[in-house]
>>> print(open('data-v8.cif').read())   # mmCIF, C-alpha atoms
data_my_file
#
loop_
_atom_site.label_atom_id
_atom_site.label_comp_id
_atom_site.auth_asym_id
_atom_site.auth_seq_id
_atom_site.Cartn_x
_atom_site.Cartn_y
_atom_site.Cartn_z
CA MET A 968 -27.38 83.71 -34.17
CA GLN A 969 -30.05 83.47 -36.82
CA VAL A 970 -32.12 80.30 -36.72
CA SER A 971 -34.04 79.22 -39.76
CA GLY A 972 -37.09 77.00 -40.11
CA GLN A 973 -39.80 76.05 -37.70
CA VAL A 974 -38.63 75.74 -34.10
CA ARG A 975 -40.95 74.44 -31.47
CA LEU A 976 -41.05 72.43 -28.27
CA SER A 977 -44.32 71.31 -26.78
CA ALA A 978 -45.36 68.93 -24.05
CA THR A 979 -48.82 67.53 -23.38
CA ASP A 980 -50.17 66.34 -20.05
CA LEU A 981 -46.70 65.58 -18.75
CA ALA A 982 -46.13 63.73 -15.50
CA CYS A 983 -42.82 62.81 -13.94
CA ARG A 984 -42.10 60.11 -11.42
CA ARG A 985 -38.78 59.68 -9.64
CA GLY A 986 -38.61 56.56 -7.49
CA GLU A 987 -41.95 56.17 -5.73
CA ARG A 988 -42.87 59.84 -5.90
CA VAL A 989 -44.77 61.69 -8.60
CA LEU A 990 -43.09 65.10 -8.84
CA PHE A 991 -45.59 66.86 -11.09
CA ARG A 992 -48.46 65.96 -13.37
CA GLY A 993 -50.79 67.52 -15.91
CA LEU A 994 -48.10 69.85 -17.22
CA ASN A 995 -48.65 71.37 -20.65
CA LEU A 996 -46.30 73.74 -22.39
CA ASP A 997 -45.82 75.02 -25.87
CA VAL A 998 -42.83 77.20 -26.68
CA SER A 999 -41.94 78.24 -30.19
CA SER A 1000 -39.40 80.36 -32.01
CA GLY A 1001 -38.63 83.65 -30.29
CA GLN A 1002 -40.04 82.69 -26.90
CA ALA A 1003 -38.38 82.13 -23.56
CA LEU A 1004 -39.80 80.24 -20.61
CA HIS A 1005 -38.54 80.41 -17.04
CA ILE A 1006 -39.20 77.30 -14.97
CA ALA A 1007 -39.32 78.24 -11.32
CA GLY A 1008 -39.78 76.22 -8.18
CA ALA A 1009 -38.15 75.06 -4.97
CA ASN A 1010 -35.28 72.55 -4.78
CA GLY A 1011 -36.32 69.01 -5.62
CA ILE A 1012 -39.57 69.99 -7.28
CA GLY A 1013 -38.50 68.46 -10.58
CA LYS A 1014 -36.99 71.26 -12.67
CA THR A 1015 -34.01 69.20 -13.79
CA SER A 1016 -36.20 66.15 -14.43
CA LEU A 1017 -38.54 68.29 -16.53
CA LEU A 1018 -35.66 69.56 -18.63
CA ARG A 1019 -34.31 66.03 -19.08
CA ILE A 1020 -37.77 64.83 -20.15
CA LEU A 1021 -38.01 67.71 -22.63
CA ALA A 1022 -34.54 66.81 -23.94
CA GLY A 1023 -35.67 63.22 -24.46
CA LEU A 1024 -33.17 61.83 -21.95
CA LEU A 1025 -35.78 60.72 -19.44
CA SER A 1026 -39.06 59.09 -20.32
CA PRO A 1027 -42.10 60.79 -18.81
CA PHE A 1028 -44.38 58.88 -16.44
CA ALA A 1029 -47.28 60.10 -18.58
CA GLY A 1030 -47.78 62.48 -21.46
CA SER A 1031 -45.66 63.24 -24.51
CA VAL A 1032 -43.08 65.70 -25.80
CA GLU A 1033 -42.77 66.93 -29.36
CA SER A 1034 -39.92 69.01 -30.69
CA GLU A 1035 -38.91 70.50 -33.99
CA GLY A 1036 -35.29 71.61 -34.14
CA ALA A 1037 -32.04 70.45 -32.59
CA ILE A 1038 -31.86 70.59 -28.81
CA GLY A 1039 -28.91 71.91 -26.85
CA LEU A 1040 -28.84 71.10 -23.15
CA LEU A 1041 -26.74 72.94 -20.59
CA ASP A 1042 -26.64 71.20 -17.24
CA GLU A 1043 -24.21 70.12 -14.54
CA LYS A 1044 -22.72 67.48 -16.87
CA PRO A 1045 -21.61 69.06 -20.15
CA GLY A 1046 -19.49 66.03 -21.11
CA LEU A 1047 -16.14 67.84 -21.05
CA ASP A 1048 -13.15 65.66 -20.15
CA PRO A 1049 -11.70 66.75 -16.79
CA GLU A 1050 -8.16 65.56 -17.60
CA LEU A 1051 -7.86 67.45 -20.86
CA PRO A 1052 -6.81 71.07 -21.22
CA LEU A 1053 -9.86 73.24 -21.82
CA ARG A 1054 -9.11 73.84 -25.48
CA LYS A 1055 -8.97 70.11 -26.26
CA ALA A 1056 -12.01 69.29 -24.15
CA LEU A 1057 -14.05 71.86 -26.08
CA ALA A 1058 -12.54 70.83 -29.42
CA PHE A 1059 -14.00 67.33 -29.21
CA TRP A 1060 -17.58 68.63 -29.15
CA GLU A 1061 -16.79 71.27 -31.76
CA GLN A 1062 -15.62 68.48 -34.08
CA ILE A 1063 -18.75 66.45 -33.40
CA ASP A 1064 -20.89 69.52 -34.07
CA GLY A 1065 -18.89 70.43 -37.17
CA CYS A 1066 -18.27 73.92 -35.80
CA GLY A 1067 -15.76 75.73 -37.99
CA GLN A 1068 -15.56 79.00 -36.09
CA PRO A 1069 -15.47 78.22 -32.38
CA SER A 1070 -13.34 81.15 -31.29
CA GLY A 1071 -16.20 83.67 -31.10
CA ALA A 1072 -17.89 81.75 -28.32
CA HIS A 1073 -14.56 81.20 -26.52
CA LYS A 1074 -13.92 84.91 -26.58
CA ALA A 1075 -17.44 85.80 -25.47
CA MET A 1076 -17.09 83.54 -22.45
CA GLY A 1077 -13.55 84.75 -21.68
CA LEU A 1078 -12.04 81.27 -21.97
CA GLU A 1079 -8.88 82.03 -23.93
CA PRO A 1080 -6.61 82.61 -20.88
CA LEU A 1081 -7.74 79.21 -19.54
CA PHE A 1082 -7.10 77.18 -22.71
CA ASP A 1083 -4.10 75.26 -21.37
CA VAL A 1084 -5.57 74.55 -17.95
CA PRO A 1085 -6.93 71.03 -17.43
CA LEU A 1086 -10.64 71.24 -16.83
CA ARG A 1087 -10.46 69.69 -13.35
CA TYR A 1088 -8.52 72.72 -12.08
CA LEU A 1089 -11.20 75.17 -13.21
CA SER A 1090 -13.68 76.69 -10.80
CA THR A 1091 -17.43 76.09 -10.90
CA GLY A 1092 -18.05 79.36 -12.68
CA GLN A 1093 -15.27 78.77 -15.20
CA ARG A 1094 -16.66 75.32 -16.00
CA LYS A 1095 -20.11 76.81 -16.42
CA ARG A 1096 -18.67 79.33 -18.88
CA ALA A 1097 -16.96 76.49 -20.77
CA ALA A 1098 -20.25 74.61 -20.95
CA MET A 1099 -21.95 77.75 -22.22
CA ALA A 1100 -19.32 78.15 -24.95
CA SER A 1101 -19.88 74.52 -25.93
CA LEU A 1102 -23.62 75.21 -26.17
CA LEU A 1103 -23.06 78.33 -28.28
CA ASN A 1104 -20.89 76.39 -30.73
CA ARG A 1105 -23.53 73.71 -30.92
CA ALA A 1106 -25.73 76.23 -32.79
CA ALA A 1107 -28.92 74.43 -31.74
CA PRO A 1108 -32.16 76.44 -31.98
CA ILE A 1109 -33.68 74.96 -28.81
CA TRP A 1110 -31.87 75.74 -25.58
CA LEU A 1111 -32.66 73.87 -22.41
CA LEU A 1112 -30.71 75.51 -19.62
CA ASP A 1113 -30.48 74.04 -16.14
CA GLU A 1114 -29.28 76.69 -13.68
CA PRO A 1115 -27.16 78.54 -16.26
CA LEU A 1116 -26.41 81.36 -13.83
CA SER A 1117 -25.40 79.44 -10.71
CA GLY A 1118 -21.74 79.87 -9.82
CA LEU A 1119 -21.24 82.78 -12.20
CA ASP A 1120 -19.97 86.20 -11.19
CA THR A 1121 -21.99 89.37 -11.81
CA LYS A 1122 -20.36 90.13 -15.13
CA ALA A 1123 -20.82 86.60 -16.44
CA ILE A 1124 -24.46 86.58 -15.29
CA GLU A 1125 -25.08 89.68 -17.37
CA GLN A 1126 -23.30 88.13 -20.35
CA VAL A 1127 -25.18 84.84 -20.21
CA THR A 1128 -28.52 86.60 -19.74
CA ALA A 1129 -27.74 88.80 -22.75
CA LEU A 1130 -26.78 85.72 -24.78
CA ILE A 1131 -30.06 84.00 -23.93
CA ALA A 1132 -31.97 87.15 -24.92
CA LEU A 1133 -29.98 87.35 -28.15
CA HIS A 1134 -30.62 83.70 -28.93
CA VAL A 1135 -34.36 84.15 -28.41
CA SER A 1136 -34.56 87.36 -30.42
CA GLY A 1137 -32.65 85.63 -33.22
CA GLY A 1138 -35.46 83.10 -33.59
CA GLY A 1139 -34.35 80.44 -31.12
CA LEU A 1140 -36.23 79.32 -28.08
CA ALA A 1141 -35.02 78.91 -24.53
CA ILE A 1142 -36.41 77.07 -21.53
CA VAL A 1143 -34.50 78.01 -18.42
CA ALA A 1144 -34.69 76.44 -14.98
CA SER A 1145 -33.21 78.88 -12.52
CA HIS A 1146 -33.46 80.19 -8.97
CA GLN A 1147 -32.13 83.55 -10.03
CA PRO A 1148 -34.46 86.06 -11.67
CA LEU A 1149 -33.86 86.32 -15.41
CA GLU A 1150 -33.88 89.69 -17.09
CA ILE A 1151 -35.03 88.63 -20.51
CA PRO A 1152 -37.72 90.53 -22.41
CA ASP A 1153 -41.08 88.75 -22.90
CA LEU A 1154 -40.19 85.98 -20.49
CA SER A 1155 -43.06 83.75 -19.41
CA VAL A 1156 -42.81 81.92 -16.11
CA LEU A 1157 -43.90 78.41 -15.30
CA GLU A 1158 -44.27 77.67 -11.59
CA LEU A 1159 -43.77 73.94 -11.15
CA ALA A 1160 -45.52 74.17 -7.78
CA ASP A 1161 -48.78 74.62 -9.74
CA TYR A 1162 -48.48 71.05 -10.96
CA LEU A 1163 -47.94 69.21 -7.70
CA PRO A 1164 -49.88 65.96 -7.80
CA THR A 1165 -51.65 66.61 -4.49
CA SER A 1166 -53.02 70.03 -5.38
CA GLU A 1167 -56.07 70.61 -7.55
CA GLN A 1168 -55.26 70.62 -11.24
CA THR A 1169 -54.84 74.13 -12.52
CA GLU A 1170 -55.30 75.27 -16.07
CA LYS A 1171 -52.35 75.26 -18.35
CA VAL A 1172 -49.75 77.99 -18.48
CA ALA A 1173 -47.53 79.24 -21.29
CA MET B 800 -18.51 62.13 -36.24
CA ILE B 801 -17.75 58.45 -35.64
CA ALA B 802 -14.07 59.14 -36.35
CA SER B 803 -13.94 61.90 -33.71
CA LEU B 804 -15.65 59.58 -31.26
CA LEU B 805 -13.19 56.77 -31.93
CA ARG B 806 -10.26 59.15 -31.58
CA ARG B 807 -11.51 60.34 -28.18
CA ASP B 808 -12.17 56.79 -26.98
CA LEU B 809 -8.74 55.63 -28.08
CA ALA B 810 -7.10 58.58 -26.36
CA LEU B 811 -8.91 57.55 -23.19
CA PHE B 812 -7.99 53.89 -23.23
CA PHE B 813 -4.84 53.36 -25.27
CA PRO B 814 -1.73 52.29 -23.37
CA PHE B 815 0.69 55.13 -22.65
CA ALA B 816 -1.87 57.71 -23.72
CA GLY B 817 -3.11 58.40 -20.23
CA SER B 818 -2.31 57.43 -16.70
CA GLY B 819 -3.39 53.93 -15.83
CA ALA B 820 -4.13 52.83 -19.36
CA ALA B 821 -0.93 50.74 -19.61
CA LEU B 822 -1.73 48.81 -16.43
CA PRO B 823 -3.49 45.82 -18.07
CA LEU B 824 -0.44 45.23 -20.25
CA LEU B 825 2.01 45.45 -17.34
CA PHE B 826 -0.26 43.23 -15.28
CA PHE B 827 -0.30 40.64 -18.06
CA LEU B 828 3.49 40.60 -18.29
CA ALA B 829 3.85 40.51 -14.51
CA VAL B 830 1.71 37.36 -14.29
CA ALA B 831 3.74 35.68 -17.04
CA MET B 832 6.93 36.68 -15.21
CA LEU B 833 5.76 35.47 -11.79
CA TYR B 834 4.57 32.05 -12.92
CA PRO B 835 8.03 30.47 -13.38
CA PHE B 836 9.01 31.75 -9.95
CA ALA B 837 5.91 30.15 -8.42
CA VAL B 838 6.10 26.68 -10.02
CA GLY B 839 9.85 26.41 -10.49
CA PRO B 840 12.05 26.46 -13.56
CA ASP B 841 11.09 23.01 -14.90
CA ALA B 842 11.12 23.70 -18.66
CA ASN B 843 8.73 20.86 -19.55
CA LEU B 844 6.15 21.87 -16.94
CA LEU B 845 6.33 25.49 -18.07
CA ALA B 846 5.96 24.56 -21.73
CA ARG B 847 2.95 22.34 -20.97
CA THR B 848 1.06 24.76 -18.70
CA GLY B 849 2.36 28.11 -19.91
CA GLY B 850 -0.28 28.61 -22.61
CA GLY B 851 -3.08 28.29 -20.08
CA VAL B 852 -1.35 30.77 -17.80
CA VAL B 853 -1.16 33.29 -20.64
CA TRP B 854 -4.91 32.85 -21.18
CA ILE B 855 -5.67 33.44 -17.51
CA ALA B 856 -3.40 36.46 -17.48
CA ALA B 857 -5.24 37.82 -20.54
CA LEU B 858 -8.60 37.26 -18.87
CA LEU B 859 -7.51 39.04 -15.70
CA ALA B 860 -5.94 41.86 -17.69
CA ALA B 861 -9.28 42.33 -19.46
CA ILE B 862 -10.90 43.10 -16.10
CA LEU B 863 -8.66 46.05 -15.26
CA PRO B 864 -9.96 48.66 -17.75
CA LEU B 865 -13.65 47.92 -16.98
CA ASP B 866 -13.69 50.30 -14.06
CA ARG B 867 -13.46 53.43 -16.25
CA LEU B 868 -14.86 51.98 -19.47
CA VAL B 869 -18.40 53.34 -19.18
CA SER B 870 -19.24 54.78 -15.76
CA ARG B 871 -16.88 57.73 -16.10
CA ASP B 872 -18.59 59.00 -19.24
CA ILE B 873 -22.04 58.47 -17.77
CA GLU B 874 -21.01 60.71 -14.86
CA LEU B 875 -19.55 63.31 -17.22
CA GLY B 876 -22.75 63.37 -19.27
CA VAL B 877 -20.97 62.38 -22.48
CA PHE B 878 -23.68 59.90 -23.54
CA ASP B 879 -26.41 62.48 -22.78
CA GLN B 880 -24.73 65.06 -24.97
CA LEU B 881 -24.15 62.49 -27.74
CA LYS B 882 -27.80 61.45 -27.61
CA LEU B 883 -28.85 65.09 -28.05
CA ARG B 884 -26.68 65.17 -31.16
CA GLY B 885 -28.48 62.16 -32.56
CA VAL B 886 -25.80 59.58 -31.72
CA ALA B 887 -27.62 56.52 -30.38
CA GLU B 888 -26.23 54.74 -27.34
CA GLU B 889 -25.74 51.66 -29.51
CA SER B 890 -23.43 53.53 -31.93
CA ALA B 891 -21.46 55.06 -29.07
CA MET B 892 -21.08 51.60 -27.55
CA ALA B 893 -20.03 50.00 -30.84
CA VAL B 894 -17.28 52.60 -31.15
CA ARG B 895 -16.30 52.07 -27.55
CA LEU B 896 -16.13 48.31 -28.08
CA LEU B 897 -13.71 48.82 -30.95
CA ALA B 898 -11.61 51.27 -28.94
CA HIS B 899 -11.61 48.98 -25.90
CA TRP B 900 -10.45 45.99 -27.94
CA LEU B 901 -7.81 48.02 -29.80
CA SER B 902 -6.44 49.28 -26.51
CA PHE B 903 -5.96 45.88 -24.88
CA GLY B 904 -6.23 43.15 -27.55
CA PRO B 905 -3.33 43.91 -29.92
CA PRO B 906 -0.97 45.07 -27.12
CA LEU B 907 -1.69 41.82 -25.29
CA ILE B 908 -1.06 39.77 -28.41
CA LEU B 909 2.27 41.54 -28.89
CA ALA B 910 3.14 41.01 -25.24
CA THR B 911 2.52 37.30 -25.73
CA PHE B 912 5.91 37.03 -27.51
CA PRO B 913 7.98 37.98 -24.44
CA ALA B 914 5.58 36.01 -22.24
CA ALA B 915 6.09 32.93 -24.42
CA ALA B 916 9.85 33.31 -24.09
CA LEU B 917 9.54 33.49 -20.30
CA LEU B 918 7.38 30.37 -20.23
CA ASN B 919 9.50 28.36 -22.68
CA LEU B 920 6.60 27.81 -25.13
CA ASP B 921 7.38 26.06 -28.42
CA SER B 922 6.49 27.63 -31.74
CA GLU B 923 3.40 25.46 -32.35
CA THR B 924 1.93 26.39 -28.96
CA LEU B 925 2.77 30.02 -29.57
CA ARG B 926 1.01 29.95 -32.92
CA LEU B 927 -2.19 28.49 -31.42
CA LEU B 928 -1.95 30.89 -28.52
CA LEU B 929 -1.67 33.92 -30.78
CA LEU B 930 -4.52 32.77 -33.02
CA GLY B 931 -6.62 31.94 -29.98
CA LEU B 932 -6.02 35.34 -28.40
CA LEU B 933 -6.79 37.04 -31.69
CA ALA B 934 -10.07 35.17 -31.82
CA GLY B 935 -10.88 35.41 -28.13
CA THR B 936 -9.92 38.92 -26.99
CA PRO B 937 -12.72 40.63 -29.02
CA GLY B 938 -15.18 38.42 -27.14
CA LEU B 939 -13.56 39.32 -23.82
CA ALA B 940 -13.84 42.99 -24.79
CA ALA B 941 -17.53 42.54 -25.65
CA ILE B 942 -18.31 40.80 -22.35
CA GLY B 943 -16.36 43.49 -20.53
CA LEU B 944 -18.31 46.26 -22.22
CA ILE B 945 -21.67 44.68 -21.36
CA ILE B 946 -20.65 44.16 -17.75
CA ALA B 947 -19.17 47.65 -17.40
CA SER B 948 -22.41 49.20 -18.69
CA VAL B 949 -24.69 47.07 -16.55
CA THR B 950 -22.71 47.76 -13.38
CA ALA B 951 -22.01 51.43 -14.18
CA SER B 952 -24.67 52.84 -11.88
CA LEU B 953 -23.91 50.49 -9.00
CA ARG B 954 -21.88 51.50 -5.95
CA ALA B 955 -19.47 48.57 -5.99
CA GLY B 956 -19.54 48.36 -9.78
CA ALA B 957 -15.80 47.99 -10.30
CA ALA B 958 -15.37 45.05 -7.94
CA LEU B 959 -18.55 43.42 -9.17
CA SER B 960 -17.58 43.65 -12.83
CA GLY B 961 -14.43 41.62 -12.19
CA LEU B 962 -16.43 38.96 -10.44
CA LEU B 963 -18.99 38.84 -13.25
CA LEU B 964 -16.50 38.68 -16.10
CA ILE B 965 -14.83 35.49 -14.91
CA PRO B 966 -17.81 33.10 -15.22
CA LEU B 967 -19.07 34.76 -18.40
CA ALA B 968 -15.66 34.46 -20.02
CA LEU B 969 -15.51 30.74 -19.25
CA PRO B 970 -16.64 29.53 -22.73
CA ILE B 971 -13.96 31.64 -24.39
CA LEU B 972 -11.36 30.30 -22.01
CA ILE B 973 -12.47 26.69 -22.50
CA PHE B 974 -12.27 26.83 -26.28
CA GLY B 975 -9.34 29.23 -26.50
CA ALA B 976 -7.09 27.45 -24.00
CA GLY B 977 -8.56 24.10 -25.00
CA ALA B 978 -7.03 24.51 -28.42
CA LEU B 979 -3.61 24.32 -26.76
CA ALA B 980 -4.32 21.13 -24.82
CA ARG B 981 -5.71 19.28 -27.82
CA ASN B 982 -3.45 21.04 -30.32
CA ASP B 983 -6.59 21.70 -32.33
CA ILE B 984 -7.21 24.68 -34.58
CA ALA B 985 -10.98 23.96 -34.67
CA SER B 986 -11.29 25.19 -31.09
CA VAL B 987 -9.87 28.51 -32.18
CA GLY B 988 -12.71 28.65 -34.72
CA PHE B 989 -15.25 28.11 -31.93
CA THR B 990 -13.63 30.88 -29.91
CA GLY B 991 -13.94 33.20 -32.89
CA ALA B 992 -17.60 32.26 -33.37
CA LEU B 993 -18.32 33.01 -29.72
CA SER B 994 -16.55 36.36 -30.07
CA LEU B 995 -18.55 37.30 -33.17
CA GLY B 996 -21.82 36.52 -31.41
CA LEU B 997 -20.79 38.58 -28.39
CA ILE B 998 -19.63 41.48 -30.57
CA ALA B 999 -23.01 41.54 -32.31
CA LEU B 1000 -24.82 41.52 -28.99
CA ALA B 1001 -22.67 43.88 -26.94
CA PRO B 1002 -23.57 47.33 -28.40
CA PHE B 1003 -27.29 46.64 -27.95
CA ALA B 1004 -27.00 45.25 -24.45
CA ALA B 1005 -24.65 48.04 -23.38
CA GLY B 1006 -26.82 50.72 -25.03
CA ALA B 1007 -29.91 49.45 -23.24
CA ALA B 1008 -27.99 49.42 -19.95
CA ILE B 1009 -26.96 53.06 -20.39
CA ARG B 1010 -30.54 54.10 -21.09
CA ALA B 1011 -31.70 52.21 -18.02
CA ALA B 1012 -29.00 53.89 -15.91
CA ARG B 1013 -30.35 57.29 -17.01
CA GLU B 1014 -33.81 56.48 -15.71
CA GLY B 1015 -32.42 55.19 -12.41
#
>>> encode(input="data-v8.cif", output="structure tokens")
Amino acid sequence: MQVSGQVRLSATDLACRRGERVLFRGLNLDVSSGQALHIAGANGIGKTSLLRILAGLLSPFAGSVESEGAIGLLDEKPGLDPELPLRKALAFWEQIDGCGQPSGAHKAMGLEPLFDVPLRYLSTGQRKRAAMASLLNRAAPIWLLDEPLSGLDTKAIEQVTALIALHVSGGGLAIVASHQPLEIPDLSVLELADYLPTSEQTEKVA
Amino acid sequence: MIASLLRRDLALFFPFAGSGAALPLLFFLAVAMLYPFAVGPDANLLARTGGGVVWIAALLAAILPLDRLVSRDIELGVFDQLKLRGVAEESAMAVRLLAHWLSFGPPLILATFPAAALLNLDSETLRLLLLGLLAGTPGLAAIGLIIASVTASLRAGAALSGLLLIPLALPILIFGAGALARNDIASVGFTGALSLGLIALAPFAAGAAIRAAREG
């Protein structure tokens, strides 16, 4: 999974508002090629919103995001059609991404036995593995992962963690929001609780 | 990329491709079939009013697919994933507009032949009706797409979109069905002009609505 060129994702003085509530403010981050960042924090603190802001899907209340390199987002909604058999659901995105060799990722995620099963019959963990395969075939250097390990069994957790580590060591970058601890070398951690609007502003992390 | 997108959209909406997609067509034919039973078999009355009934049936049939036209893919995250791949909401919506029209416009126009037989329409009326539907259904599709996107994030979106389409489709109905009453091809031209304006507008309005739904 070699990634060429400059890869970088940075955010300056980011604030996020959902409804009437400011979730966090004054958040700075700068992640570049070969780095991984773990975003930690309690439920509802704004991890998913942060990832969506970084992906450019949500506009920040304040601050700005700059990125160099294609972004792949793994979240609860990977855009796979529930009525279609798994192989066809994945094939649509592989066509869009121009992926000529998708079978490696299918094999790595153990999806081949499930190819003929419509997606809506798959379990949470199986869907998560399908989404992960779709992300792998995307071949994007920037990975934004929202709870990539939730719903996975022990073996799949190990696999996905290893894949993230491999992606980062190959020159990609990964920002992971997760409640589970991540065993990835050189992982920096960003505690979203440090950026609560009520608390004193702390100096920037990462 | 656009071709893959169009293929997926067509697979979603085309009649007989998936469950429920043929319903607008069957609904259209059912209305045309019921009308003679409701007003009686007077051939002159049917011939005089039948064209208008076909138009109303077409308008109502255009409401049926709105329910799954946009909201389903917002929930699945399809537009998010497309955006990350550099496909703007406007492009996705332009493709969807084409797929939506292809899936109900031409089938409806074809179904007009059996409907015309049921309603005892003469060949001149049928000609104006077909031309009018050809000119008007793209506009109906465009209005439908805008409404489906705007109401996608609302709770009662499906019911509301039906209610919203009817008044907005009124100009198309007036000119399209009006051509039959006055036996006037110029009205068909007006219908086409309205449709073209709506087609130009729809991808932008629908794209903006999807972005707004994301922030919601």
>>> atom_distance(input="data-v8.cif", atom1="CA of Leu995 in chain B", atom2="CA of Gly943 in chain B")
14.2 Å
>>> interface_residues(input="data-v8.cif", of="chain B", to="chain A", cutoff="12 Å", atoms="all atoms listed in the file", output="NGL selection string")
:B and (800-808 or 810-811 or 816-818 or 871-888 or 1009-1015)
>>> atom_distance(input="data-v8.cif", atom1="CA of Val1032 in chain A", atom2="CA of Ser977 in chain A")
5.8 Å
>>> residues_around(input="data-v8.cif", residues="range 902-907 of chain B", least_positions_apart="2", cutoff="8 Å", atoms="only C-alpha atoms", output="ChimeraX atom specification")
/B:809,812-814,823-824,827,857,861,898-900,909-911,932-933,936-937
>>> resolve_selection(input="data-v8.cif", expression="the PyMOL selection byres ((chain A and resi 983) around 12)", output="number ranges by chain")
A: 980-982, 984-994, 1012-1021, 1025-1031, 1159, 1162-1164; B: 1014
>>> write_last_selection(input="data-v8.cif", atoms="C-alpha atoms", output="short mmCIF file (atom, residue, chain, number, x, y, z; two decimals), in the frame of the given file")
data_model
loop_
_atom_site.label_atom_id
_atom_site.label_comp_id
_atom_site.auth_asym_id
_atom_site.auth_seq_id
_atom_site.Cartn_x
_atom_site.Cartn_y
_atom_site.Cartn_z
CA ASP A 980 -50.17 66.34 -20.05
CA LEU A 981 -46.70 65.58 -18.75
CA ALA A 982 -46.13 63.73 -15.50
CA ARG A 984 -42.10 60.11 -11.42
CA ARG A 985 -38.78 59.68 -9.64
CA GLY A 986 -38.61 56.56 -7.49
CA GLU A 987 -41.95 56.17 -5.73
CA ARG A 988 -42.87 59.84 -5.90
CA VAL A 989 -44.77 61.69 -8.60
CA LEU A 990 -43.09 65.10 -8.84
CA PHE A 991 -45.59 66.86 -11.09
CA ARG A 992 -48.46 65.96 -13.37
CA GLY A 993 -50.79 67.52 -15.91
CA LEU A 994 -48.10 69.85 -17.22
CA ILE A 1012 -39.57 69.99 -7.28
CA GLY A 1013 -38.50 68.46 -10.58
CA LYS A 1014 -36.99 71.26 -12.67
CA THR A 1015 -34.01 69.20 -13.79
CA SER A 1016 -36.20 66.15 -14.43
CA LEU A 1017 -38.54 68.29 -16.53
CA LEU A 1018 -35.66 69.56 -18.63
CA ARG A 1019 -34.31 66.03 -19.08
CA ILE A 1020 -37.77 64.83 -20.15
CA LEU A 1021 -38.01 67.71 -22.63
CA LEU A 1025 -35.78 60.72 -19.44
CA SER A 1026 -39.06 59.09 -20.32
CA PRO A 1027 -42.10 60.79 -18.81
CA PHE A 1028 -44.38 58.88 -16.44
CA ALA A 1029 -47.28 60.10 -18.58
CA GLY A 1030 -47.78 62.48 -21.46
CA SER A 1031 -45.66 63.24 -24.51
CA LEU A 1159 -43.77 73.94 -11.15
CA TYR A 1162 -48.48 71.05 -10.96
CA LEU A 1163 -47.94 69.21 -7.70
CA PRO A 1164 -49.88 65.96 -7.80
CA GLU B 1014 -33.81 56.48 -15.71
#
>>> residues_around(input="data-v8.cif", residues="Pro1002 in chain B", least_positions_apart="3", cutoff="6 Å", atoms="only C-alpha atoms", output="list in words")
Glu889, Met892, Ala893, Ala1005 and Gly1006 of chain B
>>> resolve_selection(input="data-v8.cif", expression="the PyMOL selection byres ((chain B and resi 1000) around 12)", output="number ranges by chain")
B: 889, 892-893, 896, 938, 940-942, 944-945, 993-999, 1001-1007
>>> resolve_selection(input="data-v8.cif", expression="the PyMOL selection byres ((chain B and resi 961) around 12)", output="PDB file with C-alpha atoms, keeping the file's coordinate frame")
ATOM      1  CA  LEU B 858      -8.600  37.260 -18.870  1.00  0.00           C
ATOM      2  CA  LEU B 859      -7.510  39.040 -15.700  1.00  0.00           C
ATOM      3  CA  ALA B 860      -5.940  41.860 -17.690  1.00  0.00           C
ATOM      4  CA  ALA B 861      -9.280  42.330 -19.460  1.00  0.00           C
ATOM      5  CA  ILE B 862     -10.900  43.100 -16.100  1.00  0.00           C
ATOM      6  CA  LEU B 863      -8.660  46.050 -15.260  1.00  0.00           C
ATOM      7  CA  PRO B 864      -9.960  48.660 -17.750  1.00  0.00           C
ATOM      8  CA  LEU B 865     -13.650  47.920 -16.980  1.00  0.00           C
ATOM      9  CA  ASP B 866     -13.690  50.300 -14.060  1.00  0.00           C
ATOM     10  CA  LEU B 939     -13.560  39.320 -23.820  1.00  0.00           C
ATOM     11  CA  ILE B 942     -18.310  40.800 -22.350  1.00  0.00           C
ATOM     12  CA  GLY B 943     -16.360  43.490 -20.530  1.00  0.00           C
ATOM     13  CA  LEU B 944     -18.310  46.260 -22.220  1.00  0.00           C
ATOM     14  CA  ILE B 946     -20.650  44.160 -17.750  1.00  0.00           C
ATOM     15  CA  ALA B 947     -19.170  47.650 -17.400  1.00  0.00           C
ATOM     16  CA  THR B 950     -22.710  47.760 -13.380  1.00  0.00           C
ATOM     17  CA  ALA B 955     -19.470  48.570  -5.990  1.00  0.00           C
ATOM     18  CA  GLY B 956     -19.540  48.360  -9.780  1.00  0.00           C
ATOM     19  CA  ALA B 957     -15.800  47.990 -10.300  1.00  0.00           C
ATOM     20  CA  ALA B 958     -15.370  45.050  -7.940  1.00  0.00           C
ATOM     21  CA  LEU B 959     -18.550  43.420  -9.170  1.00  0.00           C
ATOM     22  CA  SER B 960     -17.580  43.650 -12.830  1.00  0.00           C
ATOM     23  CA  LEU B 962     -16.430  38.960 -10.440  1.00  0.00           C
ATOM     24  CA  LEU B 963     -18.990  38.840 -13.250  1.00  0.00           C
ATOM     25  CA  LEU B 964     -16.500  38.680 -16.100  1.00  0.00           C
ATOM     26  CA  ILE B 965     -14.830  35.490 -14.910  1.00  0.00           C
ATOM     27  CA  PRO B 966     -17.810  33.100 -15.220  1.00  0.00           C
ATOM     28  CA  LEU B 967     -19.070  34.760 -18.400  1.00  0.00           C
ATOM     29  CA  ALA B 968     -15.660  34.460 -20.020  1.00  0.00           C
TER      30      ALA B 968
END
>>> residues_around(input="data-v8.cif", residues="range 1143-1152 of chain A", least_positions_apart="4", cutoff="9 Å", atoms="all atoms listed in the file", output="PyMOL selection string")
chain A and resi 1003-1010+1014-1015+1018+1110-1117+1125+1128-1129+1131-1132
